[in-house]
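Here is the file target_39.cif (mmCIF, C-alpha atoms and all ligand atoms).
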```cif
data_final
loop_
_atom_site.label_atom_id
_atom_site.label_comp_id
_atom_site.auth_asym_id
_atom_site.auth_seq_id
_atom_site.Cartn_x
_atom_site.Cartn_y
_atom_site.Cartn_z
CA MET O 1 79.60 95.46 46.15
CA ASN O 2 82.92 95.54 47.93
CA ILE O 3 85.82 97.80 47.15
CA ASN O 4 87.65 95.15 45.20
CA ASN O 5 84.66 94.73 42.98
CA LYS O 6 84.42 98.42 42.39
CA PHE O 7 88.12 98.62 41.75
CA SER O 8 88.10 95.92 39.13
CA LEU O 9 84.97 97.37 37.60
CA THR O 10 86.62 100.75 37.33
CA ILE O 11 89.66 99.22 35.73
CA LEU O 12 87.52 97.16 33.43
CA GLY O 13 85.45 100.18 32.51
CA GLY O 14 88.52 102.21 31.71
CA LEU O 15 89.95 99.30 29.82
CA LEU O 16 86.84 98.84 27.73
CA ILE O 17 86.70 102.53 26.86
CA THR O 18 90.34 102.47 25.85
CA LEU O 19 89.76 99.35 23.85
CA ALA O 20 86.79 100.84 22.09
CA THR O 21 88.49 104.10 21.23
CA THR O 22 91.74 102.59 20.08
CA TYR O 23 90.25 99.65 18.24
CA TYR O 24 90.46 101.16 14.77
CA LEU O 25 93.71 102.95 15.36
CA VAL O 26 95.76 99.95 16.25
CA ILE O 27 94.20 97.17 14.30
CA ASN O 28 97.11 97.18 11.89
CA HIS O 29 99.86 97.84 14.39
CA SER O 30 103.13 96.72 12.78
CA ASP O 31 105.12 95.01 15.54
CA ILE O 32 102.45 92.51 16.37
CA LYS O 33 102.45 90.47 13.22
CA LYS O 34 102.00 87.30 15.13
CA TYR O 35 98.52 88.37 16.20
CA LYS O 36 97.57 90.43 13.24
CA ASN O 37 94.20 88.71 12.97
CA ILE O 38 93.09 90.05 16.33
CA ASN O 39 92.73 93.48 17.78
CA ILE O 40 95.74 94.57 19.71
CA ILE O 41 95.52 97.51 21.95
CA LYS O 42 98.17 99.34 23.80
CA THR O 43 96.82 100.37 27.12
CA GLN O 44 98.12 101.77 30.35
CA GLN O 45 95.32 100.38 32.44
CA LEU O 46 96.75 96.92 32.15
CA GLU O 47 99.67 97.93 34.31
CA VAL O 48 97.16 98.25 37.10
CA LEU O 49 95.24 95.18 36.12
CA GLU O 50 98.26 92.95 35.98
CA LYS O 51 99.84 93.40 39.36
CA ASP O 52 102.63 90.86 38.67
CA SER O 53 104.38 93.02 36.13
CA THR O 54 106.86 95.10 38.05
CA ASP O 55 109.17 96.25 35.28
CA LEU O 56 108.70 99.05 32.82
CA GLU O 57 107.76 96.81 29.97
CA ILE O 58 104.88 98.16 27.89
CA ALA O 59 101.76 96.22 28.58
CA TYR O 60 99.34 95.29 25.86
CA THR O 61 95.83 94.07 26.17
CA TYR O 62 94.43 91.79 23.56
CA LYS O 63 90.73 91.58 23.10
CA LYS O 64 88.85 88.87 21.30
CA LYS O 65 85.14 88.70 20.76
CA TYR O 66 83.04 85.59 20.31
CA GLU O 67 79.38 85.19 19.60
CA MET O 68 77.50 82.02 20.36
CA GLN O 69 76.35 80.39 17.12
CA ASP O 70 73.37 78.13 16.60
CA GLY O 71 74.12 74.72 18.10
CA GLU O 72 77.30 75.87 19.78
CA THR O 73 77.97 75.29 23.48
CA PHE O 74 79.75 77.49 25.98
CA SER O 75 82.62 75.02 26.31
CA GLN O 76 83.05 74.91 22.53
CA ILE O 77 83.57 78.65 22.56
CA LEU O 78 86.07 78.39 25.40
CA LYS O 79 87.99 75.82 23.34
CA LYS O 80 88.48 78.45 20.65
CA THR O 81 90.33 80.62 23.16
CA GLU O 82 93.84 80.29 24.59
CA LEU O 83 92.54 78.61 27.74
CA ASN O 84 93.84 75.14 28.56
CA ASP O 85 91.54 72.25 29.43
CA ASN O 86 91.94 72.64 33.18
CA GLU O 87 91.11 76.28 32.99
CA ILE O 88 88.09 75.61 30.79
CA GLN O 89 86.83 73.07 33.30
CA LYS O 90 87.25 75.52 36.16
CA ILE O 91 85.56 78.35 34.28
CA ILE O 92 82.57 76.20 33.41
CA GLU O 93 82.20 75.21 37.06
CA LEU O 94 82.34 78.80 38.20
CA THR O 95 80.02 80.13 35.53
CA LYS O 96 77.44 77.38 36.06
CA GLU O 97 76.67 78.80 39.47
CA LYS O 98 75.73 82.15 37.99
CA VAL O 99 73.87 81.29 34.84
CA ASP O 100 72.24 78.25 33.28
CA LEU O 101 74.75 77.45 30.54
CA ASN O 102 72.18 75.44 28.61
CA LYS O 103 69.99 78.49 28.35
CA LEU O 104 72.50 80.87 26.82
CA ASN O 105 70.93 82.40 23.73
CA ILE O 106 72.33 82.31 20.23
CA GLY O 107 74.25 85.57 19.85
CA THR O 108 75.42 85.69 23.47
CA ARG O 109 78.59 87.76 23.50
CA ILE O 110 81.74 86.52 25.15
CA GLU O 111 84.94 88.55 25.31
CA THR O 112 88.42 87.74 26.44
CA LEU O 113 91.08 90.21 27.48
CA SER O 114 94.61 88.91 27.47
CA SER O 115 98.11 89.97 28.26
CA ILE O 116 101.16 88.51 26.58
CA LYS O 117 103.57 86.15 28.28
CA ASN O 118 106.53 84.52 26.50
CA ASP O 119 104.97 85.41 23.17
CA ASP O 120 101.74 83.70 24.12
CA LEU O 121 98.42 85.17 25.00
CA LEU O 122 97.45 84.76 28.61
CA ILE O 123 93.77 85.35 29.24
CA GLN O 124 93.22 87.66 32.17
CA ASN O 125 89.51 88.33 31.94
CA ILE O 126 86.49 86.68 30.44
CA ILE O 127 83.29 88.63 30.18
CA ILE O 128 79.99 86.99 29.34
CA TYR O 129 76.88 88.96 28.47
CA PRO O 130 73.98 86.56 28.94
CA ASP O 131 71.41 89.34 28.43
CA ARG O 132 71.13 93.09 28.24
CA GLU O 133 71.03 93.69 31.94
CA SER O 134 73.85 91.57 33.21
CA GLU O 135 77.42 90.57 32.74
CA ILE O 136 79.52 87.86 34.27
CA PHE O 137 83.10 88.75 34.88
CA LEU O 138 85.86 86.16 35.38
CA PHE O 139 89.38 87.24 36.20
CA ARG O 140 92.71 85.61 36.84
CA ASN O 141 94.05 86.09 40.34
CA ASN O 142 97.31 84.41 41.34
CA ASN O 143 96.89 82.12 38.37
CA LYS O 144 93.46 80.96 39.45
CA PHE O 145 90.19 82.15 38.03
CA GLU O 146 87.63 83.87 40.18
CA ILE O 147 84.20 85.04 39.31
CA LYS O 148 82.60 88.33 40.20
CA SER O 149 79.43 87.99 38.47
CA ASN O 150 75.98 89.36 38.06
CA LEU O 151 77.29 92.80 38.79
CA LEU O 152 74.67 94.19 36.51
CA LYS O 153 72.11 91.51 37.11
CA LEU O 154 68.79 93.16 37.64
CA TYR O 155 65.49 91.73 38.73
CA PRO O 156 62.39 93.19 37.11
CA GLU O 157 59.37 93.84 39.28
CA LEU O 158 55.90 94.87 38.17
CA VAL O 159 54.28 97.40 40.45
CA TYR O 160 50.65 98.47 40.63
CA GLN O 161 49.79 101.49 42.76
CA GLU O 162 46.63 103.40 43.55
CA VAL O 163 46.92 106.66 45.44
CA ASP O 164 44.79 109.62 46.44
CA ILE O 165 46.42 112.91 45.59
CA GLN O 166 47.16 115.01 48.65
CA ASN O 167 49.23 118.16 48.20
CA SER O 168 50.95 117.35 44.94
CA ILE O 169 51.29 114.37 42.66
CA PHE O 170 54.98 114.25 43.43
CA GLU O 171 54.46 114.08 47.17
CA SER O 172 51.64 111.54 46.92
CA LEU O 173 53.63 109.15 44.74
CA THR O 174 56.90 109.65 46.61
CA ASN O 175 55.08 108.59 49.78
CA VAL O 176 54.45 105.17 48.23
CA ASN O 177 58.03 104.93 46.90
CA THR O 178 57.29 105.42 43.22
CA PRO O 179 60.64 106.07 41.52
CA GLU O 180 61.16 109.72 40.59
CA ASN O 181 61.64 108.96 36.88
CA ILE O 182 58.31 107.18 36.81
CA ILE O 183 56.59 110.15 38.47
CA MET O 184 58.08 112.55 35.92
CA GLU O 185 57.05 110.37 33.02
CA PHE O 186 53.58 109.87 34.43
CA VAL O 187 53.03 113.61 34.66
CA GLN O 188 54.49 114.18 31.21
CA LEU O 189 51.96 111.73 29.76
CA PHE O 190 49.06 113.82 30.99
CA SER O 191 50.55 117.26 30.45
CA PHE O 192 48.75 117.48 27.08
CA ASP O 193 45.33 117.02 28.66
CA ILE O 194 45.52 118.28 32.19
CA ASP O 195 46.22 121.67 33.72
CA PHE O 196 48.06 120.42 36.77
CA GLN O 197 47.51 123.55 38.83
CA ARG O 198 43.82 124.14 38.33
CA GLU O 199 42.33 120.76 37.51
CA ILE O 200 43.91 118.60 40.21
CA ARG O 201 42.03 118.52 43.49
CA GLN O 202 42.75 116.92 46.79
CA GLY O 203 41.46 113.35 46.74
CA ASN O 204 41.70 112.87 42.96
CA LYS O 205 42.89 109.35 42.23
CA ILE O 206 45.93 108.02 40.41
CA LYS O 207 46.48 104.49 39.17
CA ILE O 208 49.81 103.43 37.81
CA PHE O 209 51.31 100.16 36.64
CA TYR O 210 54.99 100.05 35.79
CA LYS O 211 58.16 98.00 35.78
CA LYS O 212 61.19 98.66 37.91
CA PHE O 213 64.48 96.84 38.32
CA ASN O 214 66.03 95.82 41.62
CA ASP O 215 69.31 94.24 42.59
CA GLU O 216 69.43 90.83 44.21
CA LYS O 217 68.75 92.38 47.62
CA GLN O 218 65.56 93.97 46.35
CA ASN O 219 67.07 97.45 46.36
CA PHE O 220 65.72 99.67 43.63
CA VAL O 221 68.20 100.19 40.77
CA LYS O 222 66.32 101.74 37.89
CA ALA O 223 62.91 102.48 36.48
CA GLY O 224 61.43 100.59 33.56
CA SER O 225 58.39 101.52 31.48
CA ILE O 226 54.96 102.63 32.53
CA TYR O 227 52.33 100.25 31.12
CA PHE O 228 49.20 101.90 32.39
CA ALA O 229 48.46 105.30 33.87
CA GLU O 230 45.22 106.83 35.00
CA ILE O 231 44.13 110.09 36.61
CA LYS O 232 40.56 110.46 37.88
CA LEU O 233 39.56 114.09 38.20
CA HIS O 234 36.27 115.07 39.78
CA ASN O 235 34.39 114.95 36.50
CA HIS O 236 36.78 113.40 34.05
CA SER O 237 39.00 110.36 33.85
CA TYR O 238 42.04 109.83 31.67
CA GLU O 239 43.61 106.43 31.14
CA LEU O 240 46.54 105.50 28.95
CA TYR O 241 48.11 102.24 27.86
CA ARG O 242 51.58 101.71 26.53
CA PHE O 243 51.74 100.46 22.97
CA GLU O 244 54.74 99.14 21.10
CA ASN O 245 54.58 97.41 17.72
CA GLU O 246 56.87 94.51 16.90
CA ASN O 247 59.65 96.37 15.18
CA GLU O 248 59.49 99.15 17.78
CA LYS O 249 58.85 101.66 15.07
CA LEU O 250 56.03 102.96 17.14
CA VAL O 251 56.11 103.28 20.91
CA GLY O 252 53.62 105.48 22.65
CA TYR O 253 50.68 105.89 24.96
CA PHE O 254 47.10 105.63 23.82
CA ASP O 255 43.67 105.76 25.43
CA SER O 256 41.41 102.71 25.30
CA LYS O 257 40.10 103.80 21.91
CA GLY O 258 43.60 103.96 20.46
CA LYS O 259 43.98 107.74 20.46
CA SER O 260 47.44 109.07 21.19
CA ALA O 261 48.18 110.89 24.45
CA THR O 262 50.48 113.23 22.58
CA LYS O 263 48.98 116.38 21.14
CA ALA O 264 50.36 119.34 19.29
CA LEU O 265 50.51 121.51 22.42
CA MET O 266 50.73 120.91 26.15
CA LYS O 267 48.30 122.31 28.64
CA THR O 268 50.97 122.32 31.33
CA PRO O 269 54.36 123.23 29.80
CA ILE O 270 56.18 122.78 33.08
CA ASN O 271 56.90 119.78 35.24
CA GLY O 272 53.47 119.31 36.74
CA ALA O 273 54.56 116.76 39.34
CA ARG O 274 55.58 119.33 41.91
CA LEU O 275 52.85 121.86 41.23
CA SER O 276 50.45 122.19 44.07
CA SER O 277 46.81 122.49 43.31
CA GLY O 278 45.40 125.95 42.66
CA PHE O 279 43.31 125.55 45.76
CA GLY O 280 45.04 126.70 48.87
CA MET O 281 47.65 128.78 47.06
CA ARG O 282 47.62 131.97 49.07
CA LYS O 283 50.79 133.84 48.26
CA HIS O 284 50.23 134.16 44.52
CA PRO O 285 46.93 134.69 42.86
CA ILE O 286 46.47 131.70 40.60
CA LEU O 287 44.68 133.13 37.69
CA GLY O 288 42.76 131.22 35.14
CA TYR O 289 41.96 132.52 31.72
CA ASN O 290 39.68 135.53 31.46
CA LYS O 291 39.32 138.54 29.18
CA LYS O 292 41.68 140.66 31.18
CA HIS O 293 44.30 138.08 31.99
CA GLN O 294 44.33 136.03 28.77
CA GLY O 295 46.75 133.40 29.93
CA VAL O 296 47.17 130.92 32.73
CA ASP O 297 49.65 131.17 35.58
CA PHE O 298 51.59 128.31 37.10
CA ALA O 299 53.09 129.17 40.49
CA ALA O 300 56.33 127.25 40.81
CA PRO O 301 59.69 127.74 42.48
CA LYS O 302 62.19 129.99 40.74
CA GLY O 303 64.38 127.95 38.40
CA THR O 304 61.77 125.29 37.57
CA PRO O 305 62.36 124.29 33.92
CA ILE O 306 59.81 125.46 31.36
CA MET O 307 59.23 123.30 28.29
CA ALA O 308 58.32 124.20 24.74
CA ALA O 309 54.63 123.26 24.65
CA GLY O 310 55.01 122.11 21.08
CA THR O 311 57.52 121.85 18.29
CA GLY O 312 58.17 125.10 16.43
CA HIS O 313 60.48 128.05 15.93
CA VAL O 314 61.39 130.73 18.46
CA GLU O 315 59.78 133.89 17.17
CA PHE O 316 60.71 136.23 19.99
CA VAL O 317 63.11 136.03 22.90
CA GLY O 318 63.94 138.99 25.14
CA ASN O 319 62.52 141.57 27.50
CA ASN O 320 58.92 142.41 26.78
CA GLY O 321 57.77 145.15 29.21
CA GLY O 322 55.48 143.84 31.96
CA ALA O 323 56.00 140.28 30.74
CA GLY O 324 59.66 140.52 31.76
CA LYS O 325 61.90 137.91 30.17
CA TYR O 326 59.70 136.43 27.52
CA ILE O 327 59.72 133.75 24.80
CA ARG O 328 57.21 133.25 22.00
CA ILE O 329 57.19 130.16 19.79
CA LYS O 330 55.49 129.81 16.42
CA HIS O 331 54.00 126.36 15.80
CA MET O 332 52.25 124.80 12.83
CA ASN O 333 48.67 125.55 11.76
CA GLY O 334 48.41 129.07 13.14
CA TYR O 335 49.33 128.33 16.76
CA LYS O 336 51.78 130.26 18.92
CA THR O 337 52.68 129.93 22.59
CA ALA O 338 54.22 132.53 24.89
CA TYR O 339 56.01 132.25 28.22
CA ALA O 340 56.50 135.24 30.54
CA HIS O 341 58.34 136.34 33.74
CA LEU O 342 61.26 133.93 33.17
CA SER O 343 64.35 134.14 35.36
CA GLU O 344 66.59 132.85 32.58
CA TYR O 345 66.53 131.47 29.06
CA ALA O 346 67.94 128.01 28.39
CA SER O 347 71.20 128.07 26.49
CA GLY O 348 70.84 128.08 22.74
CA ILE O 349 67.38 129.65 22.79
CA ASN O 350 67.68 132.41 20.20
CA LYS O 351 65.41 133.93 17.61
CA ASN O 352 64.54 131.51 14.75
CA VAL O 353 65.98 128.50 16.54
CA LYS O 354 63.94 125.31 16.15
CA VAL O 355 62.64 123.82 19.38
CA LYS O 356 61.17 120.42 20.03
CA GLN O 357 58.15 119.69 22.15
CA GLY O 358 59.24 119.08 25.73
CA GLN O 359 62.62 120.77 25.30
CA THR O 360 63.61 123.11 28.15
CA ILE O 361 63.51 126.68 26.86
CA GLY O 362 63.84 128.68 30.08
CA TYR O 363 63.27 128.80 33.81
CA VAL O 364 60.53 130.12 36.06
CA GLY O 365 61.18 133.56 37.54
CA SER O 366 59.47 136.78 38.52
CA THR O 367 60.77 139.33 36.02
CA GLY O 368 58.53 142.16 34.77
CA LEU O 369 55.24 142.89 36.52
CA SER O 370 54.98 139.87 38.77
CA THR O 371 54.15 139.29 42.42
CA GLY O 372 56.19 136.10 42.82
CA PRO O 373 57.83 133.32 40.81
CA HIS O 374 55.39 131.90 38.28
CA LEU O 375 55.04 131.07 34.62
CA HIS O 376 52.49 133.06 32.68
CA TYR O 377 51.54 130.90 29.71
CA GLU O 378 49.58 132.01 26.65
CA VAL O 379 48.31 130.20 23.59
CA TRP O 380 47.58 132.13 20.43
CA PHE O 381 45.51 130.91 17.50
CA ASN O 382 45.34 132.93 14.28
CA GLY O 383 46.50 136.08 16.04
CA LYS O 384 44.16 135.82 19.05
CA ARG O 385 44.85 134.58 22.53
CA ILE O 386 42.81 131.50 23.39
CA ASN O 387 42.17 129.64 26.63
CA PRO O 388 44.70 126.79 26.98
CA MET O 389 42.38 125.04 29.43
CA THR O 390 39.57 124.61 26.96
CA MET O 391 41.43 124.66 23.66
CA LYS O 392 40.40 121.93 21.25
CA LEU O 393 43.51 120.86 19.44
CA PRO O 394 43.43 118.79 16.31
CA SER O 395 43.51 115.28 17.75
CA GLY O 396 46.74 113.33 17.75
CA LYS O 397 47.49 110.04 16.05
CA LYS O 398 44.93 107.26 16.17
CA LEU O 399 45.94 103.61 15.92
CA GLU O 400 44.38 101.88 12.95
CA ASN O 401 44.04 98.45 11.34
CA ASN O 402 46.74 96.02 12.39
CA ASP O 403 48.26 98.40 14.94
CA PHE O 404 44.88 98.81 16.59
CA GLU O 405 44.36 95.03 16.74
CA VAL O 406 47.79 94.60 18.33
CA PHE O 407 47.02 97.43 20.73
CA LEU O 408 43.79 95.80 21.90
CA ASN O 409 45.67 92.58 22.65
CA LEU O 410 48.43 94.39 24.49
CA LYS O 411 45.85 96.33 26.47
CA GLU O 412 44.16 93.08 27.48
CA GLU O 413 47.52 91.62 28.53
CA ILE O 414 48.29 94.70 30.60
CA ASN O 415 44.87 94.51 32.29
CA ILE O 416 45.42 90.86 33.19
CA LYS O 417 48.89 91.50 34.61
CA MET O 418 47.60 94.49 36.49
CA ASN O 419 44.84 92.45 38.11
CA LYS O 420 47.40 89.88 39.21
CA ASN O 421 49.54 92.59 40.79
CA SER O 422 46.82 94.53 42.53
ZN ZN O 501 49.53 135.64 34.25
#
```
How would this structure read if it were set down as structure tokens?
Amino acid sequence: MNINNKFSLTILGGLLITLATTYYLVINHSDIKKYKNINIIKTQQLEVLEKDSTDLEIAYTYKKKYEMQDGETFSQILKKTELNDNEIQKIIELTKEKVDLNKLNIGTRIETLSSIKNDDLLIQNIIIYPDRESEIFLFRNNNKFEIKSNLLKLYPELVYQEVDIQNSIFESLTNVNTPENIIMEFVQLFSFDIDFQREIRQGNKIKIFYKKFNDEKQNFVKAGSIYFAEIKLHNHSYELYRFENENEKLVGYFDSKGKSATKALMKTPINGARLSSGFGMRKHPILGYNKKHQGVDFAAPKGTPIMAAGTGHVEFVGNNGGAGKYIRIKHMNGYKTAYAHLSEYASGINKNVKVKQGQTIGYVGSTGLSTGPHLHYEVWFNGKRINPMTMKLPSGKKLENNDFEVFLNLKEEINIKMNKNS
């Protein structure tokens, strides 16, 4: 993208924001009776956009929106605008090179931005949104139209990866160029089932199948969804498939039997991606649960965000002797979780405040009786501390009836695509 592109994008962006925010304020502006059926917006950005105007005249931008109707063609829409036939011809030629005009969907949005010249609207920009990911931008330059299109055009790519875990999941997946967002999401999916510090061993295997979006030069732009994720521990294997029902009322991850990945509490209430395995940790004793200790420790750098392991209410927040800065959350059905040795609390974390599962509540530190930065995590059930590693939580949602049928089909589809990509 060259500087000109960026420049016009910036202007356009500013323009669109201004348009959006002033839309309702100016719709009935009084001195524009001639165009009272359209939205007229006073904007300063246009002075930059329209380089010809050298005087101090106030510039207005006029925005019109069109939506492609059933049976309508692109040129029919252009005929509804203030463009003349020559211009329409030129615009069709330019646009044809960027998108197949015969394949524009019903509902495709087209916008025009105009200035006013001798009481007439003069279209300066035409923006076409052929799909969610892209826009085509036409602009008038020295009275000729130019196209700077596909600025947002993204190319989806399905990626299947299999890796052996070395030091940490983060490092292992970064080495094969898995996008960071995908790594975080992957770890989050398993944080209900896996204790990332004690259960992950060198050589454990990960499989992952996801979508990412690239630009036309194959440079990574953004992460899409994970469709399949698997971790093979030495004696246990966890695999999850993405499920989405038609109306998107339900999106989630389920094992092959249709049981939800999400549970009431997390085993690892911290970003597990960067945690190194409990083996080989020398500086801090990595303690598992035993009578004396009654919690599990996660050694992590100071400042690492700590999440609420489940939804609930903050029951205690403050200094708590040897536990240092400490938070305790009360959940449903007799469960509580506690977090000790924090360096800081997240803002807004006060007594009685409601917290959602996964919300950041504080940060790893070494306050109280602690030998180094770590999170000491406890789970309480009916007033007694229990072992988070072996706790049997009431199982999460299970897909049933029609949803389960749909899930099985989706799962099959994912398996087929995955085989093609591996
Ligand atoms: Zn501890």
Given a cut-off of 6 Å, what residues near ligand ZN 501 (chain O) show up using only C-alpha atoms and all ligand atoms, put as a ChimeraX atom specification?
/O:295-297,376
So which one's closest to Ser134 (chain O), O:Phe213, O:Tyr66, O:Phe192, O:Phe170? Using only C-alpha atoms, please.
O:Phe213
Between CA of Asp164 (chain O) and CA of Asn271 (chain O) lies a distance of 19.4 Å
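Counting from CA of Ser370 (chain O), the distance to CA of Ala323 (chain O) is 8.1 Å.
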Leaving out Leu83 (chain O) and any residue of its chain fewer than 4 positions from it, which residues lie within 8 Å of it when counting only C-alpha atoms, given as a PyMOL selection string?
chain O and resi 78-79+87-88+122-123
Between CA of Arg274 (chain O) and CA of Pro156 (chain O), what distance in Å does the model show, to one decimal?
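Pair CA of Arg274 (chain O) / CA of Pro156 (chain O) returns 27.4 Å.
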Could you give me, as a list in words, the residues that sit within 9 Å of (58.6, 136.3, 37.8) in the file's coordinates, counting all atoms listed in the file?
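Counting all atoms listed in the file, I find these residues within 9 Å of (58.6, 136.3, 37.8): Lys302, Ala323, Gly324, Lys325, Ala340, His341, Leu342, Ser343, Val364, Gly365, Ser366, Thr367, Gly368, Leu369, Ser370, Thr371, Gly372, Pro373, His374, Leu375 and His376 of chain O.
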May I have the residues within 8 Å of Tyr335 (chain O) as a PyMOL selection string, using all atoms listed in the file and disregarding those fewer than 4 positions away in the same chain?
chain O and resi 330-331+379-382
With all atoms listed in the file as the counted atoms, please give the residues lying no more than 8 Å from Ile110 (chain O), apart from itself and same-chain residues fewer than 4 positions off, as a PyMOL selection string.
chain O and resi 65-68+126-129
Would you save the residues of that selection, restricted to C-alpha atoms, as a short mmCIF file (atom, residue, chain, number, x, y, z; two decimals), in the coordinates of the input?
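Contents of out_5.cif, freshly written:
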```cif
data_model
loop_
_atom_site.label_atom_id
_atom_site.label_comp_id
_atom_site.auth_asym_id
_atom_site.auth_seq_id
_atom_site.Cartn_x
_atom_site.Cartn_y
_atom_site.Cartn_z
CA LYS O 65 85.14 88.70 20.76
CA TYR O 66 83.04 85.59 20.31
CA GLU O 67 79.38 85.19 19.60
CA MET O 68 77.50 82.02 20.36
CA ILE O 126 86.49 86.68 30.44
CA ILE O 127 83.29 88.63 30.18
CA ILE O 128 79.99 86.99 29.34
CA TYR O 129 76.88 88.96 28.47
#
```
As a PDB file with C-alpha atoms, in the coordinates of the input, please: the residues near region 235-244 of chain O (cut-off 7 Å, all atoms listed in the file, same-chain neighbours under 3 positions excluded).
```pdb
ATOM      1  CA  ILE O 226      54.960 102.630  32.530  1.00  0.00           C
ATOM      2  CA  TYR O 227      52.330 100.250  31.120  1.00  0.00           C
ATOM      3  CA  PHE O 228      49.200 101.900  32.390  1.00  0.00           C
ATOM      4  CA  ALA O 229      48.460 105.300  33.870  1.00  0.00           C
ATOM      5  CA  GLU O 230      45.220 106.830  35.000  1.00  0.00           C
ATOM      6  CA  ILE O 231      44.130 110.090  36.610  1.00  0.00           C
ATOM      7  CA  LYS O 232      40.560 110.460  37.880  1.00  0.00           C
ATOM      8  CA  GLU O 248      59.490  99.150  17.780  1.00  0.00           C
ATOM      9  CA  LEU O 250      56.030 102.960  17.140  1.00  0.00           C
ATOM     10  CA  VAL O 251      56.110 103.280  20.910  1.00  0.00           C
ATOM     11  CA  GLY O 252      53.620 105.480  22.650  1.00  0.00           C
ATOM     12  CA  TYR O 253      50.680 105.890  24.960  1.00  0.00           C
ATOM     13  CA  PHE O 254      47.100 105.630  23.820  1.00  0.00           C
ATOM     14  CA  ASP O 255      43.670 105.760  25.430  1.00  0.00           C
ATOM     15  CA  SER O 256      41.410 102.710  25.300  1.00  0.00           C
ATOM     16  CA  PHE O 407      47.020  97.430  20.730  1.00  0.00           C
ATOM     17  CA  LYS O 411      45.850  96.330  26.470  1.00  0.00           C
TER      18      LYS O 411
END
```
